[in-house]
file start-v6.txt (compact mmCIF, C-alpha atoms and all ligand atoms)
# COMPACT_ATOMS: atom_id res chain seq x y z
CA MET A 10 23.07 -55.54 70.06
CA VAL A 11 23.36 -56.48 66.38
CA LEU A 12 21.90 -54.43 63.52
CA ASN A 13 21.60 -56.07 60.09
CA ILE A 14 21.08 -54.35 56.75
CA ILE A 15 19.57 -56.59 54.09
CA ASN A 16 18.20 -56.46 50.52
CA GLY A 17 20.27 -53.46 49.41
CA ARG A 18 22.92 -53.08 46.76
CA VAL A 19 26.11 -52.46 48.70
CA TRP A 20 29.10 -50.41 47.47
CA THR A 21 32.11 -52.51 48.40
CA GLY A 22 34.84 -50.21 47.14
CA ASN A 23 34.61 -50.56 43.38
CA GLN A 24 31.25 -52.18 42.64
CA LEU A 25 27.70 -52.78 43.89
CA GLU A 26 27.03 -56.21 45.37
CA GLU A 27 23.86 -57.82 46.63
CA ILE A 28 25.09 -58.68 50.08
CA GLY A 29 24.16 -58.00 53.68
CA ILE A 30 25.87 -56.23 56.58
CA SER A 31 25.97 -56.97 60.32
CA ILE A 32 26.88 -54.18 62.72
CA GLU A 33 27.69 -54.54 66.39
CA GLY A 34 28.71 -51.65 68.65
CA ASN A 35 30.26 -49.07 66.35
CA LYS A 36 31.77 -51.63 63.98
CA ILE A 37 30.90 -53.43 60.78
CA ILE A 38 31.48 -57.03 61.78
CA LYS A 39 30.20 -58.96 58.78
CA VAL A 40 29.77 -58.18 55.09
CA SER A 41 28.57 -61.28 53.30
CA ASN A 42 25.84 -63.37 51.77
CA GLU A 43 22.72 -62.74 53.88
CA MET A 44 22.56 -66.36 55.00
CA ASN A 45 25.81 -65.83 56.89
CA LEU A 46 24.85 -62.67 58.75
CA LEU A 47 24.64 -62.65 62.53
CA LYS A 48 21.38 -63.03 64.38
CA ALA A 49 20.14 -59.47 64.81
CA GLU A 50 17.90 -57.63 67.24
CA ASN A 51 17.23 -54.97 64.62
CA THR A 52 17.09 -55.19 60.80
CA ILE A 53 16.86 -52.52 58.14
CA ASP A 54 15.35 -53.60 54.83
CA ALA A 55 17.31 -51.66 52.20
CA GLU A 56 15.28 -52.74 49.19
CA ASP A 57 15.50 -50.16 46.34
CA ASN A 58 18.45 -48.52 48.06
CA ILE A 59 22.16 -48.30 47.44
CA VAL A 60 24.11 -48.81 50.67
CA PHE A 61 27.10 -46.49 50.54
CA PRO A 62 29.82 -45.43 53.00
CA GLY A 63 28.86 -42.29 54.95
CA CYS A 64 30.14 -39.25 53.04
CA ILE A 65 32.78 -36.82 54.31
CA ASP A 66 32.48 -33.05 53.91
CA VAL A 67 35.86 -31.33 54.20
CA HIS A 68 34.35 -27.82 54.18
CA SER A 69 31.42 -26.93 56.44
CA HIS A 70 30.57 -23.89 58.52
CA LEU A 71 28.66 -25.12 61.57
CA ARG A 72 28.66 -21.62 63.17
CA ASP A 73 27.28 -22.08 66.75
CA SER A 74 28.66 -19.86 69.61
CA ASN A 75 27.83 -16.22 68.76
CA LEU A 76 26.48 -17.21 65.34
CA SER A 77 24.02 -19.81 66.68
CA TYR A 78 21.14 -17.84 65.21
CA LYS A 79 22.42 -18.92 61.75
CA GLU A 80 23.21 -22.55 62.68
CA ASP A 81 24.35 -24.49 65.73
CA PHE A 82 25.96 -27.85 66.37
CA ILE A 83 22.58 -29.56 66.73
CA SER A 84 20.92 -28.14 63.60
CA GLY A 85 24.08 -28.32 61.47
CA THR A 86 24.98 -31.92 62.26
CA SER A 87 21.29 -32.95 61.96
CA ALA A 88 21.43 -31.50 58.45
CA ALA A 89 24.60 -33.53 57.84
CA LEU A 90 22.90 -36.82 58.77
CA ALA A 91 19.82 -35.96 56.72
CA GLY A 92 22.10 -35.25 53.76
CA GLY A 93 24.21 -38.41 54.01
CA PHE A 94 27.33 -36.98 55.69
CA THR A 95 28.73 -38.85 58.70
CA THR A 96 31.97 -36.89 59.08
CA ILE A 97 32.41 -33.17 58.49
CA LEU A 98 35.29 -30.76 58.91
CA ASP A 99 34.37 -27.38 60.35
CA MET A 100 35.84 -24.03 59.31
CA PRO A 101 37.36 -21.62 61.85
CA ASN A 102 35.73 -18.31 60.83
CA THR A 103 33.31 -18.51 63.72
CA LYS A 104 32.56 -15.83 66.32
CA PRO A 105 34.92 -15.89 68.12
CA PRO A 106 37.26 -17.35 65.47
CA ILE A 107 39.27 -20.48 66.24
CA THR A 108 42.78 -19.07 66.27
CA ASN A 109 44.35 -20.51 69.43
CA VAL A 110 44.32 -23.57 71.68
CA LYS A 111 41.94 -22.06 74.21
CA GLU A 112 39.24 -21.42 71.60
CA LEU A 113 39.81 -24.79 69.91
CA ILE A 114 39.43 -26.79 73.12
CA LYS A 115 36.35 -24.80 74.11
CA ARG A 116 34.76 -25.49 70.71
CA GLN A 117 35.63 -29.21 70.80
CA LYS A 118 34.15 -29.52 74.28
CA GLU A 119 30.92 -27.71 73.41
CA ALA A 120 30.54 -29.77 70.24
CA SER A 121 31.14 -33.12 71.90
CA GLU A 122 27.86 -32.94 73.81
CA LYS A 123 25.74 -31.87 70.86
CA ILE A 124 26.93 -33.32 67.58
CA PHE A 125 25.01 -35.97 65.61
CA CYS A 126 27.93 -36.78 63.28
CA ASN A 127 31.69 -36.91 63.61
CA VAL A 128 33.31 -33.48 63.38
CA GLY A 129 36.90 -32.30 63.00
CA PHE A 130 37.97 -28.68 63.53
CA TYR A 131 40.26 -26.48 61.47
CA CYS A 132 42.05 -23.46 62.95
CA SER A 133 43.30 -20.20 61.51
CA PRO A 134 46.54 -19.18 63.23
CA ILE A 135 47.20 -15.55 64.08
CA ASN A 136 50.47 -16.36 65.83
CA ASN A 137 52.64 -18.89 64.00
CA ASN A 138 53.94 -20.19 67.33
CA ASP A 139 50.43 -21.50 68.02
CA ILE A 140 50.60 -24.00 65.15
CA GLU A 141 52.40 -26.73 67.05
CA PRO A 142 50.16 -26.61 70.15
CA LEU A 143 47.08 -26.47 67.91
CA VAL A 144 48.19 -29.61 66.10
CA LYS A 145 48.79 -31.28 69.46
CA SER A 146 45.25 -30.24 70.46
CA ASN A 147 43.87 -32.03 67.39
CA ALA A 148 43.45 -29.23 64.88
CA ILE A 149 42.60 -31.17 61.74
CA GLY A 150 44.30 -28.58 59.53
CA PHE A 151 44.65 -24.82 59.02
CA LYS A 152 42.70 -22.36 56.89
CA ILE A 153 43.39 -18.88 55.61
CA TYR A 154 41.10 -16.47 53.78
CA LEU A 155 43.40 -14.39 51.57
CA HIS A 156 40.70 -11.80 50.89
CA LYS A 157 39.35 -11.59 54.45
CA PRO A 158 42.00 -12.08 57.16
CA PHE A 159 40.82 -12.08 60.76
CA GLU A 160 41.63 -9.05 62.84
CA ASN A 161 45.37 -8.94 63.66
CA GLN A 162 46.11 -11.79 61.25
CA GLU A 163 48.96 -10.86 58.97
CA LEU A 164 48.73 -12.50 55.57
CA SER A 165 51.80 -10.96 53.97
CA ARG A 166 53.89 -13.17 51.71
CA ASP A 167 56.58 -13.50 54.38
CA ASN A 168 54.15 -14.41 57.08
CA ILE A 169 52.34 -17.03 55.00
CA GLU A 170 55.76 -18.50 54.17
CA THR A 171 56.57 -18.82 57.88
CA MET A 172 53.09 -20.25 58.51
CA MET A 173 53.63 -22.86 55.79
CA ARG A 174 57.02 -23.82 57.22
CA ASN A 175 55.48 -24.38 60.65
CA ILE A 176 52.57 -26.35 59.20
CA LYS A 177 54.98 -28.52 57.20
CA LYS A 178 57.12 -29.10 60.30
CA ASN A 179 54.01 -30.30 62.14
CA ASN A 180 52.94 -32.55 59.29
CA SER A 181 49.61 -30.72 58.85
CA ILE A 182 47.84 -29.09 55.89
CA LEU A 183 46.98 -25.52 54.88
CA LEU A 184 43.62 -24.85 53.24
CA ILE A 185 43.45 -21.69 51.19
CA HIS A 186 40.53 -19.56 50.13
CA ALA A 187 42.36 -18.32 47.05
CA GLU A 188 41.01 -14.91 46.12
CA SER A 189 43.17 -11.84 45.96
CA SER A 190 41.03 -8.84 46.93
CA ASP A 191 43.63 -6.45 45.40
CA LEU A 192 42.39 -7.60 42.02
CA PHE A 193 38.66 -7.28 42.69
CA GLU A 194 37.20 -4.76 40.23
CA ASN A 195 34.52 -2.71 41.98
CA ASN A 196 34.02 -5.60 44.36
CA ASN A 197 33.64 -7.93 41.39
CA HIS A 198 35.54 -11.15 42.05
CA VAL A 199 37.09 -11.46 38.59
CA VAL A 200 38.66 -14.71 37.36
CA GLU A 201 42.19 -13.30 37.80
CA SER A 202 41.60 -12.71 41.52
CA GLU A 203 41.42 -16.51 41.85
CA THR A 204 44.16 -17.48 39.41
CA VAL A 205 46.74 -15.00 40.73
CA ALA A 206 46.08 -16.06 44.32
CA ILE A 207 46.50 -19.74 43.39
CA GLU A 208 49.78 -18.95 41.61
CA GLN A 209 51.12 -17.05 44.63
CA MET A 210 50.26 -19.87 47.02
CA ILE A 211 51.82 -22.49 44.75
CA LYS A 212 55.08 -20.49 44.70
CA LEU A 213 55.18 -20.50 48.50
CA ALA A 214 54.28 -24.19 48.66
CA LYS A 215 57.19 -24.93 46.32
CA LYS A 216 59.55 -23.04 48.58
CA THR A 217 58.30 -24.55 51.84
CA LYS A 218 57.12 -28.03 50.71
CA CYS A 219 53.94 -27.42 52.72
CA LYS A 220 50.93 -29.61 51.90
CA ILE A 221 48.15 -27.33 50.59
CA HIS A 222 44.50 -27.66 49.61
CA ILE A 223 42.73 -25.05 47.47
CA VAL A 224 39.09 -24.75 48.53
CA HIS A 225 36.22 -24.22 46.09
CA VAL A 226 38.07 -23.85 42.79
CA SER A 227 35.72 -22.02 40.43
CA THR A 228 37.65 -21.29 37.23
CA ASN A 229 39.05 -23.32 34.38
CA LYS A 230 42.33 -21.40 34.50
CA GLY A 231 42.69 -21.86 38.26
CA LEU A 232 42.20 -25.59 37.85
CA LYS A 233 44.76 -25.69 35.02
CA ILE A 234 47.37 -24.00 37.21
CA ILE A 235 46.74 -26.56 39.94
CA MET A 236 47.01 -29.42 37.43
CA ASP A 237 50.28 -28.05 36.04
CA ASN A 238 51.73 -28.26 39.54
CA LYS A 239 50.24 -31.49 40.84
CA HIS A 240 53.37 -33.50 40.21
CA LYS A 241 55.64 -30.77 41.61
CA ILE A 242 54.04 -30.05 44.99
CA ASP A 243 51.69 -31.67 47.48
CA ILE A 244 48.46 -29.98 46.37
CA SER A 245 44.79 -30.98 46.26
CA CYS A 246 41.60 -29.10 45.52
CA GLU A 247 37.85 -29.20 45.93
CA THR A 248 34.85 -27.60 44.32
CA THR A 249 31.24 -27.15 45.46
CA PRO A 250 27.98 -28.45 43.95
CA HIS A 251 27.00 -24.89 43.02
CA HIS A 252 30.24 -24.12 41.15
CA MET A 253 29.97 -27.49 39.43
CA ILE A 254 26.34 -27.21 38.31
CA LEU A 255 25.17 -23.58 38.26
CA ASN A 256 26.43 -20.72 36.11
CA THR A 257 25.72 -17.03 35.67
CA GLU A 258 23.71 -17.64 32.52
CA GLU A 259 21.06 -19.62 34.37
CA ILE A 260 21.07 -18.43 37.90
CA ILE A 261 18.42 -16.17 39.33
CA GLU A 262 19.46 -12.98 41.05
CA GLY A 263 20.56 -12.73 44.66
CA GLN A 264 22.56 -15.93 44.71
CA HIS A 265 25.81 -14.52 45.97
CA CYS A 266 28.74 -16.71 46.97
CA GLU A 267 32.51 -16.33 47.24
CA PRO A 268 34.05 -17.06 44.81
CA PRO A 269 31.01 -16.14 42.71
CA LEU A 270 29.30 -18.45 40.26
CA ARG A 271 31.10 -18.23 36.92
CA ASP A 272 30.05 -18.34 33.26
CA ARG A 273 29.05 -21.53 31.49
CA ASN A 274 32.54 -22.30 30.15
CA ASN A 275 34.12 -22.18 33.58
CA GLN A 276 31.27 -24.16 35.14
CA GLN A 277 31.54 -26.86 32.49
CA ALA A 278 35.30 -27.10 33.03
CA ILE A 279 34.68 -27.58 36.76
CA PHE A 280 32.08 -30.26 36.06
CA GLU A 281 34.57 -31.98 33.75
CA GLY A 282 37.23 -31.74 36.48
CA ILE A 283 35.00 -33.69 38.86
CA LYS A 284 34.22 -36.26 36.17
CA ASN A 285 37.79 -36.85 35.07
CA GLY A 286 39.46 -36.82 38.48
CA ASN A 287 41.35 -33.50 38.19
CA ILE A 288 39.32 -32.11 41.09
CA ASP A 289 39.87 -34.28 44.15
CA MET A 290 36.76 -33.58 46.20
CA ILE A 291 33.26 -32.14 46.30
CA ALA A 292 32.73 -30.10 49.45
CA THR A 293 29.47 -28.47 50.47
CA ASP A 294 30.89 -25.14 51.72
CA HIS A 295 27.75 -25.31 53.88
CA ALA A 296 27.34 -21.60 54.71
CA PRO A 297 24.14 -20.98 56.70
CA HIS A 298 22.59 -17.53 57.11
CA THR A 299 19.10 -16.33 57.95
CA VAL A 300 16.79 -15.73 55.00
CA GLU A 301 16.89 -11.98 55.79
CA GLU A 302 20.69 -11.99 55.67
CA LYS A 303 20.62 -13.88 52.40
CA GLU A 304 18.34 -11.21 50.96
CA GLN A 305 21.12 -8.76 51.82
CA SER A 306 23.56 -10.87 49.76
CA TYR A 307 25.49 -12.63 52.51
CA PRO A 308 27.79 -15.08 50.72
CA GLY A 309 27.18 -18.80 50.36
CA PHE A 310 24.49 -21.48 50.61
CA PRO A 311 23.63 -24.35 52.94
CA GLY A 312 24.87 -27.48 51.18
CA LEU A 313 24.74 -30.41 53.58
CA GLU A 314 21.26 -31.57 52.59
CA ILE A 315 21.52 -31.27 48.82
CA THR A 316 25.03 -32.38 47.81
CA VAL A 317 24.84 -36.18 48.08
CA PRO A 318 21.34 -36.42 46.50
CA ILE A 319 22.47 -34.17 43.62
CA MET A 320 25.55 -36.33 43.01
CA PHE A 321 23.53 -39.56 43.08
CA ASP A 322 21.00 -38.00 40.74
CA LEU A 323 23.86 -37.38 38.28
CA PHE A 324 24.79 -41.04 38.66
CA TYR A 325 21.22 -42.19 37.93
CA GLN A 326 21.27 -39.92 34.86
CA GLU A 327 24.55 -41.62 33.85
CA LYS A 328 26.43 -38.32 33.92
CA ILE A 329 28.99 -39.51 36.48
CA THR A 330 30.13 -42.90 37.73
CA LEU A 331 29.54 -44.22 41.22
CA GLN A 332 33.29 -44.78 41.42
CA ARG A 333 33.91 -41.03 40.99
CA ILE A 334 31.23 -40.19 43.57
CA PHE A 335 32.98 -42.55 45.98
CA GLU A 336 36.31 -40.85 45.29
CA VAL A 337 35.16 -37.22 45.61
CA LEU A 338 32.89 -37.70 48.63
CA VAL A 339 34.62 -40.48 50.57
CA LYS A 340 37.96 -41.91 49.46
CA ASN A 341 39.92 -38.75 48.67
CA PRO A 342 38.79 -36.83 51.80
CA VAL A 343 39.70 -39.85 53.96
CA GLU A 344 43.17 -40.13 52.44
CA ARG A 345 43.96 -36.42 52.27
CA PHE A 346 42.95 -35.72 55.88
CA LYS A 347 44.29 -39.03 57.20
CA LEU A 348 40.99 -40.20 58.67
CA LYS A 349 41.32 -43.74 59.89
CA ASN A 350 38.92 -46.72 59.79
CA ILE A 351 36.14 -44.88 57.98
CA GLY A 352 35.05 -44.76 54.36
CA GLN A 353 34.77 -48.47 53.55
CA ILE A 354 32.05 -51.07 53.97
CA LYS A 355 34.39 -53.75 55.23
CA GLU A 356 34.66 -55.85 58.33
CA GLY A 357 36.44 -53.94 61.10
CA TYR A 358 35.59 -50.48 59.78
CA ASN A 359 33.58 -47.91 61.73
CA ALA A 360 29.90 -48.40 60.89
CA ASP A 361 29.11 -45.13 59.07
CA LEU A 362 26.70 -45.91 56.24
CA ILE A 363 23.98 -44.30 54.21
CA LEU A 364 21.02 -45.68 52.29
CA VAL A 365 20.28 -43.82 49.07
CA ASN A 366 16.97 -44.46 47.38
CA GLU A 367 17.22 -45.50 43.74
CA LYS A 368 13.62 -44.96 42.74
CA ASN A 369 12.06 -41.92 44.41
CA ASN A 370 12.21 -38.50 42.88
CA LYS A 371 12.19 -35.77 45.46
CA ILE A 372 11.88 -32.04 44.99
CA ILE A 373 14.43 -29.94 46.87
CA GLU A 374 12.44 -27.77 49.26
CA PRO A 375 14.50 -25.63 51.64
CA LYS A 376 11.66 -25.12 54.12
CA ASN A 377 12.07 -28.82 54.97
CA PHE A 378 15.80 -28.51 55.72
CA LEU A 379 16.96 -29.46 59.21
CA SER A 380 19.54 -26.71 58.81
CA LYS A 381 18.37 -23.33 60.11
CA ALA A 382 19.22 -21.86 56.70
CA LYS A 383 16.04 -22.30 54.68
CA PHE A 384 17.22 -21.30 51.23
CA THR A 385 19.06 -22.83 48.27
CA PRO A 386 19.62 -22.00 44.61
CA PHE A 387 18.57 -25.62 43.94
CA LYS A 388 15.03 -25.01 45.26
CA GLY A 389 12.49 -26.86 43.11
CA LYS A 390 15.06 -29.17 41.49
CA LYS A 391 13.82 -32.71 41.16
CA VAL A 392 16.44 -35.22 42.27
CA ASN A 393 16.54 -38.97 42.52
CA GLY A 394 18.85 -39.82 45.41
CA GLU A 395 16.97 -39.29 48.63
CA ILE A 396 18.85 -40.33 51.77
CA THR A 397 16.50 -42.73 53.55
CA ALA A 398 18.79 -43.73 56.42
CA THR A 399 22.12 -42.76 57.96
CA ILE A 400 24.00 -45.06 60.31
CA ILE A 401 26.51 -43.17 62.44
CA ASN A 402 29.02 -44.91 64.71
CA GLY A 403 26.88 -48.07 64.49
CA LYS A 404 23.56 -46.42 65.43
CA ILE A 405 20.60 -45.44 63.27
CA GLY A 406 21.02 -41.66 63.38
CA PHE A 407 18.51 -40.75 60.70
CA ARG A 408 15.67 -42.70 59.13
CA ASN A 409 12.80 -41.66 56.84
CA GLY A 410 13.12 -37.95 57.47
CA LYS A 411 13.71 -38.04 61.22
CA ILE A 412 16.71 -37.82 63.53
CA LEU A 413 16.59 -40.89 65.77
CA SER A 414 19.76 -40.64 67.85
CA LYS A 415 20.65 -38.41 70.77
CA PRO A 416 22.96 -35.39 70.54
CA GLY A 417 26.54 -36.40 71.29
CA ILE A 418 26.45 -39.61 69.22
CA GLY A 419 29.02 -37.95 66.95
CA ARG A 420 32.66 -37.77 67.95
CA VAL A 421 35.19 -34.96 67.84
CA LEU A 422 37.98 -36.07 65.53
CA LYS A 423 41.46 -36.40 66.87
CA ARG A 424 44.49 -36.30 64.63
CA THR A 425 44.90 -39.99 65.23
CA THR A 426 41.24 -40.96 65.38
CA ASP A 427 40.93 -44.58 64.42
CA PHE A 428 37.45 -45.32 65.75
CA ASN A 429 38.65 -48.39 67.61
ZN ZN B 1 33.63 -21.71 53.19
call {"tool": "encode", "arguments": {"input": "start-v6.txt", "output": "structure tokens"}}
result
Amino acid sequence: MVLNIINGRVWTGNQLEEIGISIEGNKIIKVSNEMNLLKAENTIDAEDNIVFPGCIDVHSHLRDSNLSYKEDFISGTSAALAGGFTTILDMPNTKPPITNVKELIKRQKEASEKIFCNVGFYCSPINNNDIEPLVKSNAIGFKIYLHKPFENQELSRDNIETMMRNIKKNNSILLIHAESSDLFENNNHVVESETVAIEQMIKLAKKTKCKIHIVHVSTNKGLKIIMDNKHKIDISCETTPHHMILNTEEIIEGQHCEPPLRDRNNQQAIFEGIKNGNIDMIATDHAPHTVEEKEQSYPGFPGLEITVPIMFDLFYQEKITLQRIFEVLVKNPVERFKLKNIGQIKEGYNADLILVNEKNNKIIEPKNFLSKAKFTPFKGKKVNGEITATIINGKIGFRNGKILSKPGIGRVLKRTTDFN
């Protein structure tokens, strides 16, 4: 069965070209002048759309298991497809948390029957001896929350050093939520709580040579410290759409996240970091809660359905280049997390593609989210950049507002996934 995509402007790695695409099975088999495409059983007319590689979110909380009331594999990965993400990496602070091989395998198995997009799983080790078996069981990386360790998880300097040595030995990566709760002032997450935590982690990374990734950088100073060390250690960082666009001078009350939104100067520095390439990735930090929980200030926002449209809207406003969007949402995540055969519209690559409308303005309305979390600080924002279709593993997963594929079309990522 061949699926053709015609009449769109296709992102071929560093430019938009008016060419067509033929897909067969889960593969892109032809990218060329439309006259040369294969004979197809099914054709998508992509007029007025940019055809872009499916985006990759390196920081999502899909919840499920005992937190299914907030989000589950079906609702979370539906939201991903609707928002233009075809691969997402899931955080381990679930209930129960993913700290050992037994929990990881259970989570992978449960996900495999339900997911609509490709999903990789991070773990948070309590016992450092578990790192090697977790890597062998396809943990995509490791995550620690310096301000909120899991029960029985020791995050002393010495223990993090040992953890980093084991992660380095297993050729994996440590993701760090860099906030030092010792420095919180009356539960206020001051700028120094981020900068000091980043400094401490960089010291340990220097000692151990462990590859690290700082999640959701929110301060100018924190970013500067990372930049000062980029040539000395193997470090990358991400920020979120909310830290990049919103600040405390504009935001309405009750929009709590961790780290918190910062003042305008910090927010502008983060925006600049995405524009100039100092920040490697945009991640959603998709953090679903019920509306009642959100009213009680639970931290975070659902981000899977707003991030790609907001970024494309910035492109249409000429505030960011398409090249940078490609880097922060596709290329850098693929390279940093060693994902194979995805992220390019080229013959032989896995057919993960999105169509992004160039002409329609749409108002962000959380009650229409496929995520269970029906709130967002971007409510009411008008954006040009609606996702009109998502092709996942060669199939039309989402089209004109509806999920069209069956649960389980997504795949659980293996360390060596190459989508062959
Ligand atoms: Zn998070």
call {"tool": "closest_atom_pairs", "arguments": {"input": "start-v6.txt", "of": "chain A", "to": "ligand ZN 1 (chain B)", "cutoff": "9 Å", "atoms": "all atoms listed in the file", "output": "tab-separated table"}}
result
residue	atom	partner	partner_atom	distance
A:His68	CA	B:ZN1	ZN	6.2
A:Ser69	CA	B:ZN1	ZN	6.5
A:His70	CA	B:ZN1	ZN	6.5
A:Met100	CA	B:ZN1	ZN	6.9
A:Asn102	CA	B:ZN1	ZN	8.6
A:His186	CA	B:ZN1	ZN	7.8
A:Val224	CA	B:ZN1	ZN	7.8
A:His225	CA	B:ZN1	ZN	8.0
A:Glu267	CA	B:ZN1	ZN	8.1
A:Thr293	CA	B:ZN1	ZN	8.4
A:Asp294	CA	B:ZN1	ZN	4.6
A:His295	CA	B:ZN1	ZN	6.9
A:Ala296	CA	B:ZN1	ZN	6.5
A:Gly309	CA	B:ZN1	ZN	7.6
call {"tool": "atom_distance", "arguments": {"input": "start-v6.txt", "atom1": "CA of Ser306 (chain A)", "atom2": "CA of Lys79 (chain A)"}}
result
14.5 Å
call {"tool": "residues_around", "arguments": {"input": "start-v6.txt", "residues": "Ala398 (chain A)", "least_positions_apart": "2", "cutoff": "12 Å", "atoms": "only C-alpha atoms", "output": "ChimeraX atom specification"}}
result
/A:14,53-55,58-63,89-95,361-366,394-396,400-401,404-414
call {"tool": "closest_residue", "arguments": {"input": "start-v6.txt", "among": "A:Gly150, A:Ser227, A:Glu170, A:Ile260", "to": "Lys215 (chain A)", "atoms": "all atoms listed in the file"}}
result
A:Glu170
call {"tool": "residues_around", "arguments": {"input": "start-v6.txt", "residues": "region 299-304 of chain A", "least_positions_apart": "4", "cutoff": "10 Å", "atoms": "all atoms listed in the file", "output": "list in words"}}
result
Tyr78, Lys79, Glu80, Gly263, Gln264, His265, Pro308, Gly309, Phe310, Lys381, Ala382, Lys383, Phe384 and Thr385 of chain A
call {"tool": "write_last_selection", "arguments": {"input": "start-v6.txt", "atoms": "C-alpha atoms", "output": "compact mmCIF listing (two decimals), in the frame of the given file"}}
result
# COMPACT_ATOMS: atom_id res chain seq x y z
CA TYR A 78 21.14 -17.84 65.21
CA LYS A 79 22.42 -18.92 61.75
CA GLU A 80 23.21 -22.55 62.68
CA GLY A 263 20.56 -12.73 44.66
CA GLN A 264 22.56 -15.93 44.71
CA HIS A 265 25.81 -14.52 45.97
CA PRO A 308 27.79 -15.08 50.72
CA GLY A 309 27.18 -18.80 50.36
CA PHE A 310 24.49 -21.48 50.61
CA LYS A 381 18.37 -23.33 60.11
CA ALA A 382 19.22 -21.86 56.70
CA LYS A 383 16.04 -22.30 54.68
CA PHE A 384 17.22 -21.30 51.23
CA THR A 385 19.06 -22.83 48.27
call {"tool": "atom_distance", "arguments": {"input": "start-v6.txt", "atom1": "CA of Glu208 (chain A)", "atom2": "CA of Leu348 (chain A)"}}
result
28.6 Å
call {"tool": "atom_distance", "arguments": {"input": "start-v6.txt", "atom1": "CA of Ile254 (chain A)", "atom2": "CA of Asn238 (chain A)"}}
result
25.4 Å
call {"tool": "residues_near_point", "arguments": {"input": "start-v6.txt", "point": "(34.4, -53.8, 58.8)", "cutoff": "9 Å", "atoms": "all atoms listed in the file", "output": "list in words"}}
result
Ile32, Lys36, Ile37, Ile38, Lys39, Val40, Asn350, Gln353, Ile354, Lys355, Glu356, Gly357, Tyr358, Asn359 and Ala360 of chain A
call {"tool": "closest_residue", "arguments": {"input": "start-v6.txt", "among": "A:Met172, A:Ile28, A:Ile291, A:Leu192", "to": "Cys64 (chain A)", "atoms": "all atoms listed in the file"}}
result
A:Ile291
call {"tool": "residues_near_point", "arguments": {"input": "start-v6.txt", "point": "(26.7, -14.5, 67.5)", "cutoff": "12 Å", "atoms": "all atoms listed in the file", "output": "list in words"}}
result
Arg72, Asp73, Ser74, Asn75, Leu76, Ser77, Tyr78, Lys79, Glu80, Asp81, Asn102, Thr103, Lys104, Pro105, Pro106 and His298 of chain A
call {"tool": "residues_around", "arguments": {"input": "start-v6.txt", "residues": "Thr96 (chain A)", "least_positions_apart": "3", "cutoff": "8 Å", "atoms": "only C-alpha atoms", "output": "PyMOL selection string"}}
result
chain A and resi 63-66+126-129
call {"tool": "closest_residue", "arguments": {"input": "start-v6.txt", "among": "A:Ala278, A:Leu331, A:Asp57, A:Gly403", "to": "Asn369 (chain A)", "atoms": "only C-alpha atoms"}}
result
A:Asp57
call {"tool": "closest_residue", "arguments": {"input": "start-v6.txt", "among": "A:Lys233, A:Asn180, A:Asn35, A:Gly29", "to": "Lys347 (chain A)", "atoms": "only C-alpha atoms"}}
result
A:Asn180
call {"tool": "closest_residue", "arguments": {"input": "start-v6.txt", "among": "A:Gly417, A:Lys239, A:Ile329, A:Ile319", "to": "Ile372 (chain A)", "atoms": "all atoms listed in the file"}}
result
A:Ile319
call {"tool": "closest_residue", "arguments": {"input": "start-v6.txt", "among": "A:Leu184, A:Leu313, A:Ile149, A:Met210", "to": "Leu379 (chain A)", "atoms": "only C-alpha atoms"}}
result
A:Leu313
call {"tool": "residues_around", "arguments": {"input": "start-v6.txt", "residues": "Asn287 (chain A)", "least_positions_apart": "4", "cutoff": "12 Å", "atoms": "only C-alpha atoms", "output": "PyMOL selection string"}}
result
chain A and resi 226+229+231-239+244-248+278-283+291+333+336-337+341
call {"tool": "residues_around", "arguments": {"input": "start-v6.txt", "residues": "Asn161 (chain A)", "least_positions_apart": "2", "cutoff": "7 Å", "atoms": "all atoms listed in the file", "output": "ChimeraX atom specification"}}
result
/A:135,159,163
call {"tool": "build_atoms", "arguments": {"input": "start-v6.txt", "residues": "region 220-227 of chain A", "atoms": "N, CA and C atoms", "output": "compact mmCIF listing (two decimals), in the coordinates of the input"}}
result
# COMPACT_ATOMS: atom_id res chain seq x y z
N LYS A 220 52.08 -28.97 52.53
CA LYS A 220 50.93 -29.61 51.90
C LYS A 220 49.78 -28.60 51.86
N ILE A 221 49.23 -28.33 50.66
CA ILE A 221 48.15 -27.33 50.59
C ILE A 221 46.91 -27.91 49.89
N HIS A 222 45.78 -27.25 50.20
CA HIS A 222 44.50 -27.66 49.61
C HIS A 222 43.76 -26.37 49.23
N ILE A 223 43.45 -26.24 47.93
CA ILE A 223 42.73 -25.05 47.47
C ILE A 223 41.23 -25.34 47.57
N VAL A 224 40.53 -24.51 48.36
CA VAL A 224 39.09 -24.75 48.53
C VAL A 224 38.32 -24.14 47.35
N HIS A 225 37.15 -24.65 47.15
CA HIS A 225 36.22 -24.22 46.09
C HIS A 225 36.85 -23.55 44.86
N VAL A 226 37.55 -24.35 44.08
CA VAL A 226 38.07 -23.85 42.79
C VAL A 226 36.87 -23.57 41.89
N SER A 227 36.90 -22.40 41.22
CA SER A 227 35.72 -22.02 40.43
C SER A 227 36.03 -21.70 38.98
